[in-house]
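Source file: query31.cif. Holds: mmCIF, C-alpha atoms and all ligand atoms.
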```cif
data_entry
loop_
_atom_site.label_atom_id
_atom_site.label_comp_id
_atom_site.auth_asym_id
_atom_site.auth_seq_id
_atom_site.Cartn_x
_atom_site.Cartn_y
_atom_site.Cartn_z
CA MET A 961 15.51 1.21 -25.69
CA GLN A 962 12.77 0.25 -23.20
CA LYS A 963 13.92 0.05 -19.59
CA LYS A 964 13.23 -3.24 -17.82
CA PHE A 965 11.19 -3.39 -14.65
CA THR A 966 9.56 -6.10 -12.55
CA VAL A 967 6.43 -5.82 -10.39
CA ASN A 968 5.10 -8.79 -8.45
CA PRO A 969 4.12 -9.42 -4.81
CA TRP A 970 7.68 -10.32 -3.84
CA GLU A 971 9.79 -8.07 -6.04
CA VAL A 972 9.59 -4.55 -7.42
CA THR A 973 12.71 -3.47 -9.32
CA GLY A 974 13.67 -1.08 -12.09
CA GLU A 975 12.00 2.16 -13.07
CA VAL A 976 8.31 1.27 -13.16
CA ASP A 977 6.41 2.48 -16.23
CA TYR A 978 2.90 2.74 -14.79
CA GLY A 979 1.26 3.32 -18.16
CA LYS A 980 2.76 0.10 -19.41
CA LEU A 981 1.83 -1.71 -16.20
CA ILE A 982 -1.83 -0.72 -16.66
CA LYS A 983 -1.78 -2.51 -20.02
CA GLU A 984 0.25 -5.51 -18.84
CA PHE A 985 -1.93 -6.12 -15.78
CA GLY A 986 -5.16 -5.29 -17.62
CA VAL A 987 -6.31 -2.74 -15.02
CA GLN A 988 -8.05 0.59 -15.69
CA PRO A 989 -6.69 4.09 -15.10
CA LEU A 990 -8.52 5.94 -12.33
CA SER A 991 -10.72 8.44 -14.19
CA LYS A 992 -11.53 11.99 -13.16
CA GLU A 993 -15.24 11.05 -12.73
CA LEU A 994 -14.39 8.24 -10.33
CA ILE A 995 -12.08 10.47 -8.33
CA GLU A 996 -14.83 13.07 -8.11
CA LYS A 997 -17.27 10.45 -6.82
CA ILE A 998 -14.92 9.62 -3.95
CA GLU A 999 -14.20 13.27 -3.20
CA LYS A 1000 -17.89 14.12 -3.15
CA LYS A 1001 -18.67 11.39 -0.65
CA ALA A 1002 -15.60 12.21 1.45
CA GLY A 1003 -16.45 15.90 1.50
CA GLY A 1004 -12.96 16.74 0.29
CA THR A 1005 -10.07 15.48 -1.76
CA HIS A 1006 -7.03 13.50 -0.71
CA LEU A 1007 -3.47 14.37 -1.68
CA TYR A 1008 -2.91 10.84 -2.98
CA LEU A 1009 -5.81 11.26 -5.43
CA ARG A 1010 -4.96 14.79 -6.38
CA ARG A 1011 -1.37 13.88 -7.23
CA GLY A 1012 -2.17 10.59 -8.94
CA LEU A 1013 -0.49 8.32 -6.39
CA PHE A 1014 -3.63 6.19 -6.56
CA PHE A 1015 -3.76 5.74 -10.30
CA SER A 1016 -5.60 2.60 -11.35
CA HIS A 1017 -8.33 0.14 -10.41
CA ARG A 1018 -10.25 -3.00 -11.19
CA ASP A 1019 -14.04 -2.65 -11.15
CA PHE A 1020 -14.06 0.33 -8.82
CA ASP A 1021 -16.59 1.83 -11.26
CA VAL A 1022 -18.83 -1.21 -10.72
CA ILE A 1023 -18.54 -0.81 -6.93
CA MET A 1024 -19.52 2.87 -7.22
CA ASP A 1025 -22.47 2.18 -9.57
CA GLU A 1026 -23.82 -0.51 -7.28
CA TYR A 1027 -23.17 1.63 -4.20
CA GLU A 1028 -25.28 4.38 -5.74
CA LYS A 1029 -28.07 1.82 -6.18
CA GLY A 1030 -27.83 0.85 -2.51
CA LYS A 1031 -25.31 -2.04 -2.39
CA GLU A 1032 -22.74 -1.46 0.33
CA PHE A 1033 -19.12 -2.53 0.19
CA VAL A 1034 -16.48 -3.60 2.68
CA LEU A 1035 -12.78 -2.81 2.54
CA TYR A 1036 -9.96 -5.32 2.73
CA THR A 1037 -6.23 -4.67 2.92
CA GLY A 1038 -3.16 -6.09 4.65
CA ARG A 1039 0.50 -6.37 5.49
CA GLY A 1040 3.18 -9.05 5.29
CA PRO A 1041 4.83 -8.49 8.67
CA SER A 1042 8.50 -9.32 8.14
CA GLY A 1043 9.86 -6.33 10.05
CA ARG A 1044 9.07 -2.77 11.01
CA THR A 1045 6.57 -0.67 9.07
CA HIS A 1046 7.97 1.93 6.67
CA LEU A 1047 6.37 5.02 5.14
CA GLY A 1048 5.53 3.22 1.87
CA HIS A 1049 3.31 0.74 3.73
CA LEU A 1050 1.40 3.59 5.32
CA ILE A 1051 0.21 4.91 1.95
CA PRO A 1052 -2.52 2.30 1.32
CA TRP A 1053 -3.47 2.36 5.00
CA ILE A 1054 -3.89 6.13 5.23
CA PHE A 1055 -5.95 5.98 2.05
CA THR A 1056 -8.01 3.07 3.37
CA ALA A 1057 -8.80 5.08 6.51
CA TYR A 1058 -9.96 7.96 4.28
CA LEU A 1059 -12.24 5.60 2.31
CA GLN A 1060 -13.52 3.98 5.50
CA LYS A 1061 -14.50 7.36 6.87
CA ALA A 1062 -16.07 8.51 3.59
CA PHE A 1063 -18.18 5.39 2.98
CA GLY A 1064 -18.59 4.09 6.54
CA CYS A 1065 -17.26 0.65 5.56
CA LYS A 1066 -16.19 -2.27 7.66
CA LEU A 1067 -12.49 -3.09 7.12
CA TYR A 1068 -10.82 -6.50 7.20
CA PHE A 1069 -7.06 -6.22 7.74
CA GLN A 1070 -4.93 -9.33 7.18
CA MET A 1071 -1.44 -9.85 8.62
CA THR A 1072 0.21 -12.51 6.46
CA ASP A 1073 2.79 -13.69 8.99
CA ASP A 1074 2.50 -17.13 7.35
CA GLU A 1075 3.53 -15.70 3.95
CA LYS A 1076 6.56 -13.94 5.40
CA PHE A 1077 7.63 -17.04 7.31
CA LEU A 1078 7.43 -19.03 4.06
CA MET A 1079 9.12 -16.45 1.82
CA ARG A 1080 11.59 -14.55 4.00
CA ASP A 1081 14.31 -15.26 6.47
CA VAL A 1082 12.07 -14.63 9.46
CA GLY A 1083 11.03 -17.02 12.24
CA LEU A 1084 7.38 -17.92 12.69
CA GLU A 1085 6.96 -16.44 16.17
CA GLU A 1086 8.98 -13.41 15.09
CA ALA A 1087 6.56 -12.82 12.19
CA VAL A 1088 3.54 -13.22 14.50
CA GLY A 1089 5.19 -10.67 16.84
CA TYR A 1090 5.49 -8.25 13.93
CA SER A 1091 1.77 -8.72 13.21
CA TYR A 1092 1.05 -7.14 16.59
CA ASP A 1093 3.77 -4.53 16.26
CA ASN A 1094 2.69 -3.46 12.76
CA ALA A 1095 -0.97 -3.39 13.85
CA LEU A 1096 -0.08 -0.32 15.93
CA ASP A 1097 0.80 1.49 12.70
CA VAL A 1098 -2.44 0.34 11.08
CA ILE A 1099 -4.44 1.75 13.99
CA ALA A 1100 -2.34 4.94 14.00
CA ALA A 1101 -3.19 5.40 10.30
CA GLY A 1102 -6.73 6.20 11.46
CA MET A 1103 -8.80 3.00 11.20
CA GLU A 1104 -12.07 3.10 13.10
CA PRO A 1105 -12.49 0.83 16.13
CA GLY A 1106 -15.71 -1.19 15.97
CA LYS A 1107 -15.55 -1.16 12.17
CA THR A 1108 -12.09 -2.72 11.76
CA VAL A 1109 -10.88 -6.25 12.40
CA ILE A 1110 -7.16 -7.00 12.23
CA PHE A 1111 -5.97 -10.59 12.31
CA SER A 1112 -2.75 -12.58 12.08
CA ASP A 1113 -3.19 -15.51 9.68
CA VAL A 1114 -1.45 -17.83 12.13
CA GLU A 1115 -3.84 -16.85 14.92
CA TYR A 1116 -7.07 -16.72 12.89
CA ILE A 1117 -6.47 -19.67 10.63
CA LYS A 1118 -9.44 -21.73 11.83
CA THR A 1119 -11.77 -19.08 10.44
CA ILE A 1120 -9.73 -18.42 7.32
CA TYR A 1121 -9.11 -22.07 6.47
CA ARG A 1122 -12.69 -22.94 5.51
CA ILE A 1123 -12.76 -20.08 2.99
CA ALA A 1124 -9.21 -20.81 1.78
CA LEU A 1125 -10.16 -24.44 1.06
CA ASP A 1126 -13.12 -23.30 -1.00
CA VAL A 1127 -10.80 -21.04 -2.98
CA ALA A 1128 -7.89 -23.51 -3.26
CA LYS A 1129 -10.12 -26.26 -4.66
CA ARG A 1130 -10.83 -24.04 -7.66
CA VAL A 1131 -7.30 -22.88 -8.48
CA THR A 1132 -5.10 -25.20 -10.51
CA PHE A 1133 -1.35 -25.41 -10.05
CA SER A 1134 -1.00 -24.35 -13.64
CA THR A 1135 -2.89 -21.07 -12.98
CA ALA A 1136 -0.89 -20.41 -9.79
CA LYS A 1137 2.36 -20.99 -11.71
CA ALA A 1138 1.31 -18.64 -14.48
CA VAL A 1139 0.24 -15.89 -12.06
CA PHE A 1140 3.02 -16.14 -9.44
CA GLY A 1141 5.87 -17.78 -11.32
CA PHE A 1142 6.12 -20.78 -8.95
CA THR A 1143 8.70 -23.39 -9.93
CA ASN A 1144 9.70 -26.87 -8.77
CA SER A 1145 11.85 -25.29 -6.10
CA SER A 1146 9.00 -23.20 -4.60
CA ASN A 1147 8.08 -24.55 -1.17
CA ILE A 1148 4.63 -26.11 -1.04
CA GLY A 1149 3.43 -23.70 1.65
CA ILE A 1150 3.62 -20.74 -0.66
CA ILE A 1151 1.78 -22.61 -3.38
CA PHE A 1152 -1.29 -22.86 -1.14
CA PHE A 1153 -0.83 -19.36 0.28
CA PRO A 1154 -2.60 -17.38 -2.49
CA ALA A 1155 -5.85 -19.03 -1.36
CA VAL A 1156 -5.21 -17.63 2.14
CA GLN A 1157 -4.65 -14.09 0.86
CA ALA A 1158 -7.74 -14.31 -1.36
CA SER A 1159 -9.99 -15.41 1.54
CA PRO A 1160 -10.65 -12.12 3.36
CA ALA A 1161 -12.17 -10.77 0.13
CA PHE A 1162 -15.08 -13.15 0.86
CA MET A 1163 -15.28 -12.88 4.64
CA ALA A 1164 -18.18 -10.45 4.89
CA GLN A 1165 -20.31 -12.60 2.58
CA MET A 1166 -19.26 -16.01 3.95
CA LEU A 1167 -18.93 -15.30 7.66
CA GLU A 1168 -21.56 -12.64 8.11
CA LYS A 1169 -23.85 -13.57 5.21
CA ARG A 1170 -23.83 -9.95 4.03
CA ASN A 1171 -24.74 -9.15 0.44
CA VAL A 1172 -21.88 -6.67 -0.10
CA ASN A 1173 -19.06 -5.95 -2.51
CA CYS A 1174 -15.41 -5.85 -1.49
CA LEU A 1175 -12.88 -3.18 -2.41
CA ILE A 1176 -9.14 -3.70 -1.89
CA PRO A 1177 -6.93 -0.59 -1.61
CA CYS A 1178 -3.23 -1.45 -1.98
CA ALA A 1179 -0.17 -0.81 -4.14
CA ILE A 1180 -0.32 -2.50 -7.52
CA ASP A 1181 2.19 -5.26 -6.58
CA GLN A 1182 -0.66 -7.18 -4.87
CA ASP A 1183 -2.86 -7.37 -7.96
CA PRO A 1184 -1.86 -10.97 -8.88
CA TYR A 1185 -3.66 -12.20 -5.76
CA TRP A 1186 -6.87 -10.50 -6.84
CA ARG A 1187 -6.72 -12.14 -10.25
CA ILE A 1188 -7.01 -15.47 -8.44
CA ALA A 1189 -9.76 -14.20 -6.14
CA ARG A 1190 -11.70 -12.76 -9.08
CA ASP A 1191 -11.32 -15.97 -11.11
CA VAL A 1192 -12.89 -18.14 -8.42
CA ALA A 1193 -15.55 -15.68 -7.22
CA PRO A 1194 -18.33 -16.73 -9.65
CA ALA A 1195 -17.89 -20.41 -8.74
CA LEU A 1196 -18.22 -19.48 -5.07
CA GLY A 1197 -21.32 -17.41 -5.80
CA MET A 1198 -19.46 -14.29 -4.64
CA PRO A 1199 -19.03 -10.87 -6.26
CA LYS A 1200 -15.60 -10.35 -7.80
CA PRO A 1201 -13.45 -8.24 -5.44
CA ALA A 1202 -12.49 -4.84 -6.83
CA GLY A 1203 -9.18 -3.05 -6.32
CA ILE A 1204 -7.89 0.51 -6.17
CA TYR A 1205 -4.15 0.72 -6.66
CA SER A 1206 -1.31 3.05 -5.78
CA LYS A 1207 2.13 3.56 -7.24
CA PHE A 1208 5.17 2.92 -5.06
CA LEU A 1209 6.86 5.46 -2.86
CA PRO A 1210 10.49 5.12 -3.99
CA GLY A 1211 13.34 4.37 -1.59
CA LEU A 1212 15.58 7.27 -0.67
CA GLN A 1213 18.31 6.12 -3.01
CA GLY A 1214 15.93 6.35 -5.94
CA VAL A 1215 17.44 3.69 -8.15
CA GLY A 1216 14.03 2.39 -9.20
CA GLY A 1217 11.82 -0.16 -7.46
CA LYS A 1218 9.98 0.63 -4.25
CA MET A 1219 10.90 1.58 -0.76
CA SER A 1220 11.68 -1.78 0.73
CA ALA A 1221 11.96 -2.85 4.35
CA SER A 1222 14.97 -5.00 3.47
CA LYS A 1223 17.01 -1.95 2.41
CA GLU A 1224 17.44 -0.24 5.79
CA ASP A 1225 19.11 3.02 4.77
CA THR A 1226 16.74 3.76 1.93
CA ALA A 1227 13.58 3.37 4.02
CA ILE A 1228 12.15 5.56 6.78
CA TYR A 1229 10.51 3.39 9.40
CA THR A 1230 7.59 4.65 11.44
CA THR A 1231 9.62 4.11 14.61
CA ASP A 1232 12.78 5.90 13.41
CA SER A 1233 13.89 8.68 15.74
CA ALA A 1234 14.09 12.21 14.34
CA PRO A 1235 17.93 12.20 14.09
CA VAL A 1236 17.93 8.83 12.30
CA ALA A 1237 15.21 9.93 9.86
CA ARG A 1238 16.93 13.26 9.23
CA LYS A 1239 20.25 11.56 8.51
CA LYS A 1240 18.62 9.24 5.98
CA VAL A 1241 16.80 12.08 4.20
CA MET A 1242 19.99 14.17 4.08
CA ALA A 1243 21.68 11.26 2.25
CA ALA A 1244 18.87 10.93 -0.33
CA PHE A 1245 19.44 10.72 -4.06
CA THR A 1246 18.61 14.02 -5.79
CA GLY A 1247 18.79 15.44 -9.26
CA GLY A 1248 21.67 17.73 -8.25
CA ARG A 1249 24.82 18.52 -10.21
CA ALA A 1250 28.34 17.57 -9.21
CA THR A 1251 29.27 21.01 -7.88
CA VAL A 1252 27.45 24.02 -6.46
CA ALA A 1253 28.78 26.21 -9.27
CA GLU A 1254 27.48 23.81 -11.92
CA GLN A 1255 24.09 23.58 -10.20
CA LYS A 1256 23.77 27.36 -10.08
CA GLU A 1257 24.70 27.62 -13.73
CA LYS A 1258 22.78 24.72 -15.26
CA GLY A 1259 20.09 24.01 -12.66
CA GLY A 1260 19.13 20.63 -11.17
CA ASN A 1261 16.90 17.85 -12.44
CA PRO A 1262 13.80 17.58 -10.21
CA GLU A 1263 12.24 14.96 -12.52
CA VAL A 1264 14.59 12.28 -11.19
CA CYS A 1265 14.87 13.66 -7.65
CA VAL A 1266 13.57 11.44 -4.84
CA VAL A 1267 13.20 14.43 -2.53
CA HIS A 1268 10.91 16.08 -5.07
CA GLN A 1269 8.89 12.86 -5.49
CA TRP A 1270 8.41 12.50 -1.74
CA LEU A 1271 7.22 16.10 -1.52
CA TYR A 1272 4.96 15.60 -4.52
CA TYR A 1273 3.28 12.41 -3.40
CA MET A 1274 3.25 12.63 0.37
CA PHE A 1275 4.67 15.68 2.09
CA GLU A 1276 3.81 18.95 0.30
CA GLU A 1277 0.11 19.75 0.16
CA ASN A 1278 0.70 23.28 -1.13
CA ASP A 1279 0.72 23.26 -4.96
CA GLU A 1280 2.31 26.67 -5.25
CA LYS A 1281 5.20 25.86 -2.95
CA LEU A 1282 5.77 22.64 -4.86
CA ARG A 1283 5.78 24.41 -8.21
CA ASN A 1284 8.14 27.09 -6.94
CA SER A 1285 10.64 24.58 -5.60
CA PHE A 1286 10.49 22.69 -8.91
CA ASP A 1287 11.09 25.89 -10.91
CA ASP A 1288 13.78 27.13 -8.52
CA CYS A 1289 15.61 23.82 -8.83
CA LYS A 1290 15.52 23.89 -12.64
CA ALA A 1291 16.78 27.47 -12.67
CA GLY A 1292 19.62 26.75 -10.24
CA ARG A 1293 18.19 29.10 -7.62
CA ILE A 1294 18.01 26.41 -4.93
CA LEU A 1295 20.50 23.75 -3.84
CA CYS A 1296 19.77 20.14 -2.88
CA GLY A 1297 20.77 20.67 0.75
CA GLU A 1298 17.92 23.17 1.22
CA CYS A 1299 15.31 20.84 -0.29
CA LYS A 1300 16.55 17.90 1.76
CA LYS A 1301 16.35 19.95 4.95
CA TYR A 1302 12.82 21.09 4.03
CA LEU A 1303 11.73 17.49 3.47
CA ALA A 1304 13.53 16.23 6.60
CA ASP A 1305 11.61 18.77 8.72
CA LYS A 1306 8.32 17.57 7.23
CA VAL A 1307 9.20 13.89 7.68
CA CYS A 1308 10.20 14.46 11.31
CA ARG A 1309 6.95 16.32 12.05
CA PHE A 1310 4.99 13.50 10.43
CA LEU A 1311 6.86 10.89 12.47
CA GLU A 1312 6.33 12.78 15.70
CA GLU A 1313 2.56 12.83 15.10
CA HIS A 1314 2.44 9.22 13.95
CA GLN A 1315 4.49 8.02 16.92
CA LYS A 1316 2.07 9.70 19.34
CA LYS A 1317 -0.87 7.91 17.69
CA ARG A 1318 1.15 4.67 17.65
CA GLU A 1319 1.76 4.95 21.40
CA ASN A 1320 -1.95 5.54 21.95
CA ALA A 1321 -2.77 2.50 19.80
CA LYS A 1322 -1.16 0.25 22.42
CA LYS A 1323 -4.18 0.92 24.65
CA GLU A 1324 -6.60 0.33 21.78
CA ILE A 1325 -5.18 -2.77 20.15
CA ASP A 1326 -7.56 -5.23 21.85
CA ARG A 1327 -10.49 -3.45 20.22
CA PHE A 1328 -9.04 -4.29 16.80
CA MET A 1329 -7.28 -7.67 16.87
CA VAL A 1330 -9.28 -10.90 16.59
CA LYS A 1331 -8.10 -14.51 16.86
CA ASP A 1332 -9.74 -17.93 17.04
P1 LIG A 1401 3.49 -5.78 2.16
O1 LIG A 1401 3.76 -5.99 3.59
O2 LIG A 1401 4.58 -6.03 1.18
O3 LIG A 1401 2.96 -4.31 1.94
C1 LIG A 1401 1.88 -3.76 2.69
C2 LIG A 1401 1.12 -2.77 1.81
O4 LIG A 1401 1.97 -1.71 1.42
C3 LIG A 1401 2.05 -1.62 0.00
N1 LIG A 1401 3.41 -1.17 -0.29
C4 LIG A 1401 3.71 0.06 -0.74
N2 LIG A 1401 2.91 1.07 -1.13
C5 LIG A 1401 3.50 2.20 -1.58
N3 LIG A 1401 4.86 2.34 -1.67
C6 LIG A 1401 5.70 1.36 -1.28
N4 LIG A 1401 7.01 1.51 -1.37
C7 LIG A 1401 5.12 0.14 -0.80
N5 LIG A 1401 5.63 -1.05 -0.37
C8 LIG A 1401 4.57 -1.81 -0.05
C9 LIG A 1401 1.66 -3.00 -0.52
O5 LIG A 1401 1.10 -2.98 -1.80
C10 LIG A 1401 0.61 -3.41 0.50
O6 LIG A 1401 -0.64 -2.83 0.18
N6 LIG A 1401 1.00 -9.99 0.88
C11 LIG A 1401 0.84 -8.64 1.38
C12 LIG A 1401 -0.02 -8.56 2.63
C13 LIG A 1401 -1.50 -8.57 2.32
C14 LIG A 1401 -2.22 -7.57 1.63
C15 LIG A 1401 -3.58 -8.03 1.61
C16 LIG A 1401 -1.84 -6.36 1.06
C17 LIG A 1401 -2.41 -9.54 2.68
N7 LIG A 1401 -3.66 -9.23 2.26
C18 LIG A 1401 -4.58 -7.23 1.02
C19 LIG A 1401 -2.83 -5.58 0.46
C20 LIG A 1401 -4.18 -6.02 0.43
C21 LIG A 1401 2.22 -8.03 1.67
O7 LIG A 1401 3.18 -8.71 1.87
O8 LIG A 1401 2.20 -6.64 1.74
#
```
Show me the file's structure as structure tokens.
Ligand code: TYM
Amino acid sequence: MQKKFTVNPWEVTGEVDYGKLIKEFGVQPLSKELIEKIEKKAGGTHLYLRRGLFFSHRDFDVIMDEYEKGKEFVLYTGRGPSGRTHLGHLIPWIFTAYLQKAFGCKLYFQMTDDEKFLMRDVGLEEAVGYSYDNALDVIAAGMEPGKTVIFSDVEYIKTIYRIALDVAKRVTFSTAKAVFGFTNSSNIGIIFFPAVQASPAFMAQMLEKRNVNCLIPCAIDQDPYWRIARDVAPALGMPKPAGIYSKFLPGLQGVGGKMSASKEDTAIYTTDSAPVARKKVMAAFTGGRATVAEQKEKGGNPEVCVVHQWLYYMFEENDEKLRNSFDDCKAGRILCGECKKYLADKVCRFLEEHQKKRENAKKEIDRFMVKD
């Protein structure tokens, strides 16, 4: 029997079958040749590419072909600031910073405080406040000052609105319903909102009159927005935005879906203290057996273990160490407590580094944020 899963901008549940998602969404798998093109330009690989965390794309091959013929591209990504940033959010941002460095691109970063106000139980000023708070994490992820603009929709709407109107005029309600599943009970703000999220994909061309392409690095849940943006692009005389997509870092309880800010105990936030983060990791779902004796006899199941997935995708660069811990788990030579402690140490070191950069970002934020 096929397991059910859902992936859309507002919900990711169930055990996601990424192969199936590639077909359902009509995106392409990220090929070895494309990965090599990025690595060559970057002068080195990235763990997220090497381990297949970034796994699919739309027209990234076109962007690369045109880039090789001299057409530059800009980057665009974003955040819906409904609360604190967690480690899952950092994945597209760390990868975006890597691309920005490799290709020297300008980056547009959108904070959709309007979207979160419309869709979540969060006040408007609270959401705008989170735009500024979360921007510290964006900067800490390594974005370049002078080449990055970060904006809150609420505070930059005069600039965005002209583009959004151009987009909105060309999207029917019927298309928006089909793409986002809107119903009669959807509020009318969110029905217009997809035009707002599509707009930054055209900012470089419309505001700065630059003849460039646009590449959007994000997790695959945001793809529906780019279908709208790509549909209207020809009518606007704009190139279709391309996307490069990651899988989801699972929550610590590992029952499918993605790490989600609304499930406090299953997410590690960038501002968690070391003891808080350690406690959460030590309570993670693993592939362990009911008793130590059973584990030693039959071995564990690293395939379903969240700790193993976190090490694989984000925290263990060393292939040999990873393979050994996988084999040791299967053979019953290692217990879950040891793996959890190993991961907790890595997570705490990561947080310590990130929090230093985040603190530094407070002095830098004015070089990044724009409003009108
Ligand atoms: P939001 O705030 O839900 O997520 C921010 C970014 O993080 C990605 N993401 C994850 N990636 C890996 N593992 C996870 N567990 C995980 N959870 C979230 C999301 O795909 C996203 O890239 N509407 C958007 C904000 C937005 C945006 C954009 C995002 C506006 N313009 C352009 C990407 C690109 C939102 O609410 O994202």
Identify, on the basis of only C-alpha atoms, every residue whose closest approach to stretch 1182-1194 of chain A does not exceed 7 Å; exclude the query and any residue fewer than 6 positions from it along the same chain; express the result as a compact mmCIF listing (two decimals) with C-alpha atoms, in the frame of the given file.
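What landed in part01.txt:
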```
# COMPACT_ATOMS: atom_id res chain seq x y z
CA ASN A 968 5.10 -8.79 -8.45
CA PRO A 969 4.12 -9.42 -4.81
CA VAL A 1127 -10.80 -21.04 -2.98
CA ARG A 1130 -10.83 -24.04 -7.66
CA VAL A 1139 0.24 -15.89 -12.06
CA PRO A 1154 -2.60 -17.38 -2.49
CA GLN A 1157 -4.65 -14.09 0.86
CA ALA A 1158 -7.74 -14.31 -1.36
CA LYS A 1200 -15.60 -10.35 -7.80
CA PRO A 1201 -13.45 -8.24 -5.44
```
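Distances to ligand LIG 1401 (chain A) were evaluated for A:Asp1232, A:Glu1276, A:Glu1075, A:Glu1324 using only C-alpha atoms and all ligand atoms, and the minimum falls at A:Glu1075.
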Write out as a PyMOL selection string each polymer residue (protein, DNA or RNA) that has an atom no more than 7 Å from ligand LIG 1401 (chain A), with only C-alpha atoms and all ligand atoms counted.
-> chain A and resi 969+1036-1041+1048-1052+1070-1072+1075+1157+1176-1182+1206-1211+1218-1220
For A:Lys983, the nearest of the candidates A:Leu1009, A:His1017, A:Thr1230, A:Phe1033, counting only C-alpha atoms |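 Nearest to A:Lys983: A:His1017.
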Test item: residues at most 7 Å from stretch 1300-1314 of chain A, only C-alpha atoms, excluding those fewer than 2 positions along its chain, as a list in words | Ala1100, Thr1230, Ala1234, Ala1237, Arg1238, Val1241, Met1242, Val1267, Leu1271, Phe1275, Cys1296, Gly1297, Glu1298, Lys1316, Lys1317 and Arg1318 of chain A
Got time to write the residues from that selection, C-alpha atoms, as an mmCIF file, in the frame of the given file?
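Once everything was written out, this is result_38.cif:
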```cif
data_model
loop_
_atom_site.group_PDB
_atom_site.id
_atom_site.type_symbol
_atom_site.label_atom_id
_atom_site.label_comp_id
_atom_site.auth_asym_id
_atom_site.auth_seq_id
_atom_site.Cartn_x
_atom_site.Cartn_y
_atom_site.Cartn_z
ATOM 1 C CA ALA A 1100 -2.340 4.940 14.000
ATOM 2 C CA THR A 1230 7.590 4.650 11.440
ATOM 3 C CA ALA A 1234 14.090 12.210 14.340
ATOM 4 C CA ALA A 1237 15.210 9.930 9.860
ATOM 5 C CA ARG A 1238 16.930 13.260 9.230
ATOM 6 C CA VAL A 1241 16.800 12.080 4.200
ATOM 7 C CA MET A 1242 19.990 14.170 4.080
ATOM 8 C CA VAL A 1267 13.200 14.430 -2.530
ATOM 9 C CA LEU A 1271 7.220 16.100 -1.520
ATOM 10 C CA PHE A 1275 4.670 15.680 2.090
ATOM 11 C CA CYS A 1296 19.770 20.140 -2.880
ATOM 12 C CA GLY A 1297 20.770 20.670 0.750
ATOM 13 C CA GLU A 1298 17.920 23.170 1.220
ATOM 14 C CA LYS A 1316 2.070 9.700 19.340
ATOM 15 C CA LYS A 1317 -0.870 7.910 17.690
ATOM 16 C CA ARG A 1318 1.150 4.670 17.650
#
```
